[in-house]
file start_27.cif (mmCIF, C-alpha atoms)
data_input
loop_
_atom_site.label_atom_id
_atom_site.label_comp_id
_atom_site.auth_asym_id
_atom_site.auth_seq_id
_atom_site.Cartn_x
_atom_site.Cartn_y
_atom_site.Cartn_z
CA THR A 798 109.52 162.02 32.35
CA ASN A 799 109.57 159.13 34.82
CA ILE A 800 113.29 159.61 35.44
CA ARG A 801 112.71 163.34 35.90
CA SER A 802 109.89 162.60 38.35
CA LEU A 803 112.15 160.33 40.38
CA GLY A 804 114.82 163.03 40.41
CA VAL A 805 112.34 165.60 41.73
CA VAL A 806 110.83 163.39 44.46
CA ILE A 807 113.80 161.30 45.60
CA CYS A 808 116.83 163.48 44.90
CA GLY A 809 115.24 166.89 45.38
CA CYS A 810 116.10 168.13 41.90
CA PRO A 811 114.35 171.39 41.07
CA ASP A 812 111.17 170.96 39.10
CA LEU A 813 111.43 173.45 36.26
CA SER A 814 107.99 172.68 34.92
CA ASN A 815 105.82 172.33 38.03
CA PRO A 816 102.34 171.73 36.65
CA CYS A 817 100.83 171.77 40.16
CA PRO A 818 102.04 174.55 42.46
CA LEU A 819 100.61 174.34 45.99
CA CYS A 820 100.41 178.14 46.35
CA LYS A 821 98.59 180.57 44.07
CA ASN A 822 100.55 181.89 41.07
CA GLY A 823 103.34 179.40 41.83
CA ALA A 824 104.46 181.37 44.89
CA ALA A 825 107.13 179.78 47.05
CA LEU A 826 106.05 177.83 50.12
CA PRO A 827 106.42 180.10 53.16
CA ASN A 828 107.83 177.29 55.31
CA PRO A 829 109.04 174.42 53.10
CA GLY A 830 110.47 172.54 56.10
CA LEU A 831 107.16 172.47 57.99
CA GLU A 832 106.26 168.87 58.81
CA VAL A 833 102.62 168.30 57.88
CA GLN A 834 102.71 164.52 57.94
CA PRO A 835 105.06 162.41 60.07
CA GLY A 836 108.41 162.62 58.28
CA ILE A 837 106.93 164.57 55.35
CA THR A 838 107.51 168.30 54.86
CA CYS A 839 105.65 170.82 52.76
CA GLN A 840 108.50 170.76 50.27
CA THR A 841 108.14 166.99 49.88
CA LEU A 842 104.37 167.28 49.40
CA GLY A 843 104.95 170.01 46.82
CA ARG A 844 107.31 167.73 44.92
CA SER A 845 104.79 164.89 45.10
CA ALA A 846 102.07 167.17 43.75
CA SER A 847 104.29 168.19 40.84
CA VAL A 848 104.83 164.61 39.68
CA ASP A 849 101.55 162.95 40.68
CA ASP A 850 98.57 162.54 38.37
CA LEU A 851 97.57 166.06 37.25
CA SER A 852 93.92 165.32 38.09
CA PHE A 853 94.96 165.14 41.79
CA CYS A 854 96.31 168.72 41.70
CA PRO A 855 93.17 170.41 43.14
CA ALA A 856 93.28 167.98 46.10
CA TYR A 857 96.92 168.82 46.82
CA GLN A 858 96.22 172.55 46.52
CA SER A 859 93.15 172.48 48.77
CA THR A 860 94.83 170.38 51.47
CA ALA A 861 98.62 170.66 51.38
CA GLY A 862 98.46 174.26 50.14
CA VAL A 863 96.34 175.23 53.14
CA TYR A 864 98.28 173.30 55.80
CA CYS A 865 101.58 174.48 54.30
CA GLN A 866 100.43 178.05 55.04
CA CYS A 867 100.42 179.42 51.50
CA LYS A 868 99.73 183.16 51.71
CA GLU A 869 97.24 182.89 48.84
CA ILE A 870 95.27 179.68 48.53
CA ILE A 871 94.04 178.33 45.23
CA GLN A 872 90.31 178.00 45.84
CA HIS A 873 88.43 174.91 44.72
CA GLU A 874 84.78 173.95 45.06
CA ASN A 875 83.49 171.02 47.11
CA VAL A 876 86.57 170.63 49.30
CA CYS A 877 86.17 167.81 51.82
CA ARG A 878 87.39 168.80 55.29
CA ILE A 879 87.56 165.97 57.82
CA CYS A 880 86.59 168.43 60.59
CA GLY A 881 83.60 169.73 58.64
CA GLU A 882 82.98 172.65 56.35
CA ASP A 883 85.76 175.28 56.54
CA LYS A 884 87.29 173.72 59.69
CA LEU A 885 90.95 172.76 59.43
CA LEU A 886 92.55 169.80 61.15
CA PRO A 887 93.95 170.89 64.53
CA ASP A 888 97.04 168.70 63.94
CA PRO A 889 97.42 167.25 60.43
CA THR A 890 100.31 165.01 61.58
CA ILE A 891 98.14 162.81 63.85
CA GLU A 892 98.56 159.21 62.75
CA VAL A 893 95.46 157.09 62.11
CA PHE A 894 94.63 153.82 60.41
CA ASN A 895 93.12 154.50 57.02
CA ASP A 896 90.22 152.51 55.60
CA ARG A 897 92.69 150.03 54.07
CA GLY A 898 94.17 149.26 57.50
CA GLU A 899 97.42 151.13 56.80
CA VAL A 900 99.00 153.71 59.10
CA SER A 901 98.32 157.11 57.61
CA SER A 902 97.93 160.67 58.87
CA CYS A 903 94.98 163.00 59.10
CA ILE A 904 96.28 165.22 56.27
CA ARG A 905 96.77 162.17 54.06
CA VAL A 906 93.23 160.98 54.79
CA GLU A 907 91.90 164.46 53.94
CA LEU A 908 94.02 164.53 50.76
CA GLU A 909 92.67 161.12 49.71
CA ALA A 910 89.10 162.23 50.46
CA ASN A 911 89.65 165.15 48.07
CA ILE A 912 91.36 163.10 45.39
CA GLY A 913 88.07 161.31 45.12
CA GLY A 914 86.58 158.52 47.10
CA ASP A 915 86.56 156.07 44.21
CA PHE A 916 90.31 156.25 43.60
CA PHE A 917 91.35 154.97 47.04
CA THR A 918 88.07 153.83 48.52
CA ASN A 919 84.37 153.95 47.98
CA MET A 920 83.88 156.32 50.93
CA THR A 921 82.16 159.67 50.47
CA CYS A 922 83.30 162.88 52.15
CA ALA A 923 80.64 162.47 54.86
CA GLU A 924 81.83 158.93 55.53
CA HIS A 925 85.44 160.15 55.83
CA GLN A 926 84.28 162.78 58.31
CA VAL A 927 82.35 160.30 60.44
CA MET A 928 85.23 157.83 60.36
CA TYR A 929 88.05 160.24 61.22
CA GLU A 930 86.71 163.39 62.93
CA GLU A 931 87.28 162.04 66.44
CA PHE A 932 90.63 160.38 65.70
CA CYS A 933 91.91 163.56 64.05
CA GLY A 934 90.93 165.74 67.02
CA CYS A 935 88.06 167.57 65.34
CA VAL A 936 85.62 166.76 68.13
CA GLU A 937 86.14 166.23 71.81
CA LYS A 938 86.59 162.60 72.69
CA SER A 939 83.58 161.12 74.40
CA LYS A 940 83.68 160.27 78.07
CA ALA A 941 83.51 156.62 77.10
CA THR A 942 86.88 156.82 75.35
CA GLN A 943 88.49 158.70 78.22
CA SER A 944 87.81 155.97 80.79
CA PRO A 945 87.36 152.65 79.03
CA SER A 946 85.85 149.69 80.81
CA MET A 947 86.16 146.03 79.85
CA ALA A 948 82.40 145.52 79.97
CA PRO A 949 79.87 146.75 77.41
CA GLN A 950 78.28 149.98 78.55
CA THR A 951 75.18 151.94 77.68
CA SER A 952 75.92 155.36 76.26
CA SER A 953 73.81 158.45 76.93
CA ALA A 954 71.98 157.72 73.67
CA GLY A 955 71.04 154.27 75.01
CA LYS A 956 73.30 152.38 72.59
CA ILE A 957 75.56 149.59 73.74
CA THR A 958 79.26 150.35 73.36
CA LEU A 959 82.06 147.78 73.32
CA PHE A 960 84.74 148.26 76.01
CA GLY A 961 83.71 151.89 76.43
CA MET A 962 84.57 152.73 72.82
CA THR A 963 82.46 155.01 70.70
CA ASN A 964 80.55 153.61 67.75
CA ARG A 965 83.15 155.14 65.40
CA GLN A 966 85.98 153.40 67.23
CA THR A 967 84.10 150.10 67.27
CA LYS A 968 83.48 150.48 63.51
CA MET A 969 87.18 151.19 62.91
CA ILE A 970 88.31 148.16 64.97
CA THR A 971 85.77 145.92 63.23
CA MET A 972 86.95 147.13 59.84
CA LEU A 973 90.63 146.55 60.74
CA LEU A 974 89.86 143.06 62.02
CA GLY A 975 88.06 142.33 58.75
CA PHE A 976 91.13 143.44 56.79
CA CYS A 977 93.32 141.19 58.95
CA LEU A 978 91.04 138.19 58.41
CA VAL A 979 90.99 138.72 54.66
CA TRP A 980 94.77 139.17 54.57
CA VAL A 981 95.49 136.09 56.73
CA GLY A 982 92.82 133.92 55.08
#
call {"tool": "encode", "arguments": {"input": "start_27.cif", "output": "structure tokens"}}
result
Amino acid sequence: TNIRSLGVVICGCPDLSNPCPLCKNGAALPNPGLEVQPGITCQTLGRSASVDDLSFCPAYQSTAGVYCQCKEIIQHENVCRICGEDKLLPDPTIEVFNDRGEVSSCIRVELEANIGGDFFTNMTCAEHQVMYEEFCGCVEKSKATQSPSMAPQTSSAGKITLFGMTNRQTKMITMLLGFCLVWVG
């Protein structure tokens, strides 16, 4: 089955036994060429879902199935949306650094949040939302991020911000620096 999986993902061979269709009742993707992640189309995500761990299937269906515009969505409970309950990402292709310091995309972060925090990270859904909602365009960027200053500033909430960055951005930078120090050290 590993050779078959490679054939499906890498070579584009048809998957005759797709155990994880993105659309309800195994319906065809309406727009298989739609890019939902930089360089990744719906067709590619569908192939990945068909060969990935079967326990990840609900995550693929509730994220990729939605963003790939399936006419009928396979409904799952407790879906984690980065933009909040029932709010879709405005642009799933936006690139962000994930919590491991790797370049990822908003749809990939949402997919990983639905696969289950413990598989990739120890972050909960709420933590994913706090970490990525601004970077993924779910909320309007704060005035501090629109006109950064080199000096620490006091935000409207009375909190000190570093170089005009929001607390989320400061947390992300601190986390990335920590990864770099661990990697270099």
call {"tool": "residues_around", "arguments": {"input": "start_27.cif", "residues": "Cys935 (chain A)", "least_positions_apart": "2", "cutoff": "10 Å", "atoms": "all atoms listed in the file", "output": "JSON, numbers by chain"}}
result
{"A": [879, 880, 881, 884, 885, 886, 887, 888, 926, 929, 930, 931, 932, 933, 937, 938]}
call {"tool": "closest_residue", "arguments": {"input": "start_27.cif", "among": "A:Leu826, A:Cys877, A:Ala846, A:Met928", "to": "Asp896 (chain A)", "atoms": "only C-alpha atoms"}}
result
A:Met928
call {"tool": "closest_residue", "arguments": {"input": "start_27.cif", "among": "A:Gln866, A:Gly913, A:Pro855, A:Pro818", "to": "Gly843 (chain A)", "atoms": "all atoms listed in the file"}}
result
A:Pro818
call {"tool": "resolve_selection", "arguments": {"input": "start_27.cif", "expression": "the PyMOL selection byres ((chain A and resi 904) around 10)", "output": "mmCIF file with C-alpha atoms, keeping the file's coordinate frame"}}
result
data_model
loop_
_atom_site.group_PDB
_atom_site.id
_atom_site.type_symbol
_atom_site.label_atom_id
_atom_site.label_comp_id
_atom_site.auth_asym_id
_atom_site.auth_seq_id
_atom_site.Cartn_x
_atom_site.Cartn_y
_atom_site.Cartn_z
ATOM 1 C CA VAL A 833 102.620 168.300 57.880
ATOM 2 C CA GLN A 834 102.710 164.520 57.940
ATOM 3 C CA PRO A 835 105.060 162.410 60.070
ATOM 4 C CA THR A 860 94.830 170.380 51.470
ATOM 5 C CA ALA A 861 98.620 170.660 51.380
ATOM 6 C CA TYR A 864 98.280 173.300 55.800
ATOM 7 C CA ARG A 878 87.390 168.800 55.290
ATOM 8 C CA ILE A 879 87.560 165.970 57.820
ATOM 9 C CA LEU A 885 90.950 172.760 59.430
ATOM 10 C CA LEU A 886 92.550 169.800 61.150
ATOM 11 C CA ASP A 888 97.040 168.700 63.940
ATOM 12 C CA PRO A 889 97.420 167.250 60.430
ATOM 13 C CA THR A 890 100.310 165.010 61.580
ATOM 14 C CA ILE A 891 98.140 162.810 63.850
ATOM 15 C CA GLU A 892 98.560 159.210 62.750
ATOM 16 C CA SER A 901 98.320 157.110 57.610
ATOM 17 C CA SER A 902 97.930 160.670 58.870
ATOM 18 C CA CYS A 903 94.980 163.000 59.100
ATOM 19 C CA ARG A 905 96.770 162.170 54.060
ATOM 20 C CA VAL A 906 93.230 160.980 54.790
ATOM 21 C CA GLU A 907 91.900 164.460 53.940
ATOM 22 C CA LEU A 908 94.020 164.530 50.760
ATOM 23 C CA GLU A 909 92.670 161.120 49.710
ATOM 24 C CA ALA A 910 89.100 162.230 50.460
ATOM 25 C CA CYS A 933 91.910 163.560 64.050
#
call {"tool": "atom_distance", "arguments": {"input": "start_27.cif", "atom1": "CA of Ser845 (chain A)", "atom2": "CA of Glu899 (chain A)"}}
result
19.5 Å
call {"tool": "atom_distance", "arguments": {"input": "start_27.cif", "atom1": "CA of Cys820 (chain A)", "atom2": "CA of Cys867 (chain A)"}}
result
5.3 Å
call {"tool": "atom_distance", "arguments": {"input": "start_27.cif", "atom1": "CA of Cys854 (chain A)", "atom2": "CA of Leu819 (chain A)"}}
result
8.3 Å
call {"tool": "build_atoms", "arguments": {"input": "start_27.cif", "residues": "region 881-899 of chain A", "atoms": "N, CA and C atoms", "output": "PDB file, in the coordinates of the input"}}
result
ATOM      1  N   GLY A 881      84.835 169.065  59.027  1.00  0.00           N
ATOM      2  CA  GLY A 881      83.600 169.730  58.640  1.00  0.00           C
ATOM      3  C   GLY A 881      83.899 170.956  57.798  1.00  0.00           C
ATOM      4  N   GLU A 882      82.853 171.526  57.267  1.00  0.00           N
ATOM      5  CA  GLU A 882      82.980 172.650  56.350  1.00  0.00           C
ATOM      6  C   GLU A 882      83.835 173.781  56.918  1.00  0.00           C
ATOM      7  N   ASP A 883      84.869 174.160  56.199  1.00  0.00           N
ATOM      8  CA  ASP A 883      85.760 175.280  56.540  1.00  0.00           C
ATOM      9  C   ASP A 883      86.521 175.125  57.853  1.00  0.00           C
ATOM     10  N   LYS A 884      86.539 173.935  58.446  1.00  0.00           N
ATOM     11  CA  LYS A 884      87.290 173.720  59.690  1.00  0.00           C
ATOM     12  C   LYS A 884      88.535 172.898  59.366  1.00  0.00           C
ATOM     13  N   LEU A 885      89.692 173.452  59.715  1.00  0.00           N
ATOM     14  CA  LEU A 885      90.950 172.760  59.430  1.00  0.00           C
ATOM     15  C   LEU A 885      91.277 171.762  60.531  1.00  0.00           C
ATOM     16  N   LEU A 886      92.086 170.779  60.179  1.00  0.00           N
ATOM     17  CA  LEU A 886      92.550 169.800  61.150  1.00  0.00           C
ATOM     18  C   LEU A 886      93.386 170.506  62.212  1.00  0.00           C
ATOM     19  N   PRO A 887      93.144 170.235  63.497  1.00  0.00           N
ATOM     20  CA  PRO A 887      93.950 170.890  64.530  1.00  0.00           C
ATOM     21  C   PRO A 887      95.415 170.454  64.468  1.00  0.00           C
ATOM     22  N   ASP A 888      95.675 169.208  64.078  1.00  0.00           N
ATOM     23  CA  ASP A 888      97.040 168.700  63.940  1.00  0.00           C
ATOM     24  C   ASP A 888      97.054 167.698  62.789  1.00  0.00           C
ATOM     25  N   PRO A 889      97.460 168.141  61.600  1.00  0.00           N
ATOM     26  CA  PRO A 889      97.420 167.250  60.430  1.00  0.00           C
ATOM     27  C   PRO A 889      98.370 166.062  60.538  1.00  0.00           C
ATOM     28  N   THR A 890      99.324 166.089  61.476  1.00  0.00           N
ATOM     29  CA  THR A 890     100.310 165.010  61.580  1.00  0.00           C
ATOM     30  C   THR A 890      99.817 163.821  62.416  1.00  0.00           C
ATOM     31  N   ILE A 891      98.650 163.918  63.036  1.00  0.00           N
ATOM     32  CA  ILE A 891      98.140 162.810  63.850  1.00  0.00           C
ATOM     33  C   ILE A 891      98.049 161.560  62.984  1.00  0.00           C
ATOM     34  N   GLU A 892      98.591 160.458  63.501  1.00  0.00           N
ATOM     35  CA  GLU A 892      98.560 159.210  62.750  1.00  0.00           C
ATOM     36  C   GLU A 892      97.284 158.435  63.060  1.00  0.00           C
ATOM     37  N   VAL A 893      96.690 157.879  62.012  1.00  0.00           N
ATOM     38  CA  VAL A 893      95.460 157.090  62.110  1.00  0.00           C
ATOM     39  C   VAL A 893      95.602 155.879  61.190  1.00  0.00           C
ATOM     40  N   PHE A 894      94.722 154.912  61.373  1.00  0.00           N
ATOM     41  CA  PHE A 894      94.630 153.820  60.410  1.00  0.00           C
ATOM     42  C   PHE A 894      93.654 154.268  59.336  1.00  0.00           C
ATOM     43  N   ASN A 895      94.053 154.140  58.078  1.00  0.00           N
ATOM     44  CA  ASN A 895      93.120 154.500  57.020  1.00  0.00           C
ATOM     45  C   ASN A 895      92.154 153.341  56.780  1.00  0.00           C
ATOM     46  N   ASP A 896      91.251 153.517  55.849  1.00  0.00           N
ATOM     47  CA  ASP A 896      90.220 152.510  55.600  1.00  0.00           C
ATOM     48  C   ASP A 896      90.768 151.239  54.969  1.00  0.00           C
ATOM     49  N   ARG A 897      92.053 151.236  54.590  1.00  0.00           N
ATOM     50  CA  ARG A 897      92.690 150.030  54.070  1.00  0.00           C
ATOM     51  C   ARG A 897      93.513 149.334  55.151  1.00  0.00           C
ATOM     52  N   GLY A 898      93.444 149.861  56.392  1.00  0.00           N
ATOM     53  CA  GLY A 898      94.170 149.260  57.500  1.00  0.00           C
ATOM     54  C   GLY A 898      95.628 149.656  57.575  1.00  0.00           C
ATOM     55  N   GLU A 899      96.035 150.662  56.806  1.00  0.00           N
ATOM     56  CA  GLU A 899      97.420 151.130  56.800  1.00  0.00           C
ATOM     57  C   GLU A 899      97.556 152.332  57.728  1.00  0.00           C
TER      58      GLU A 899
END
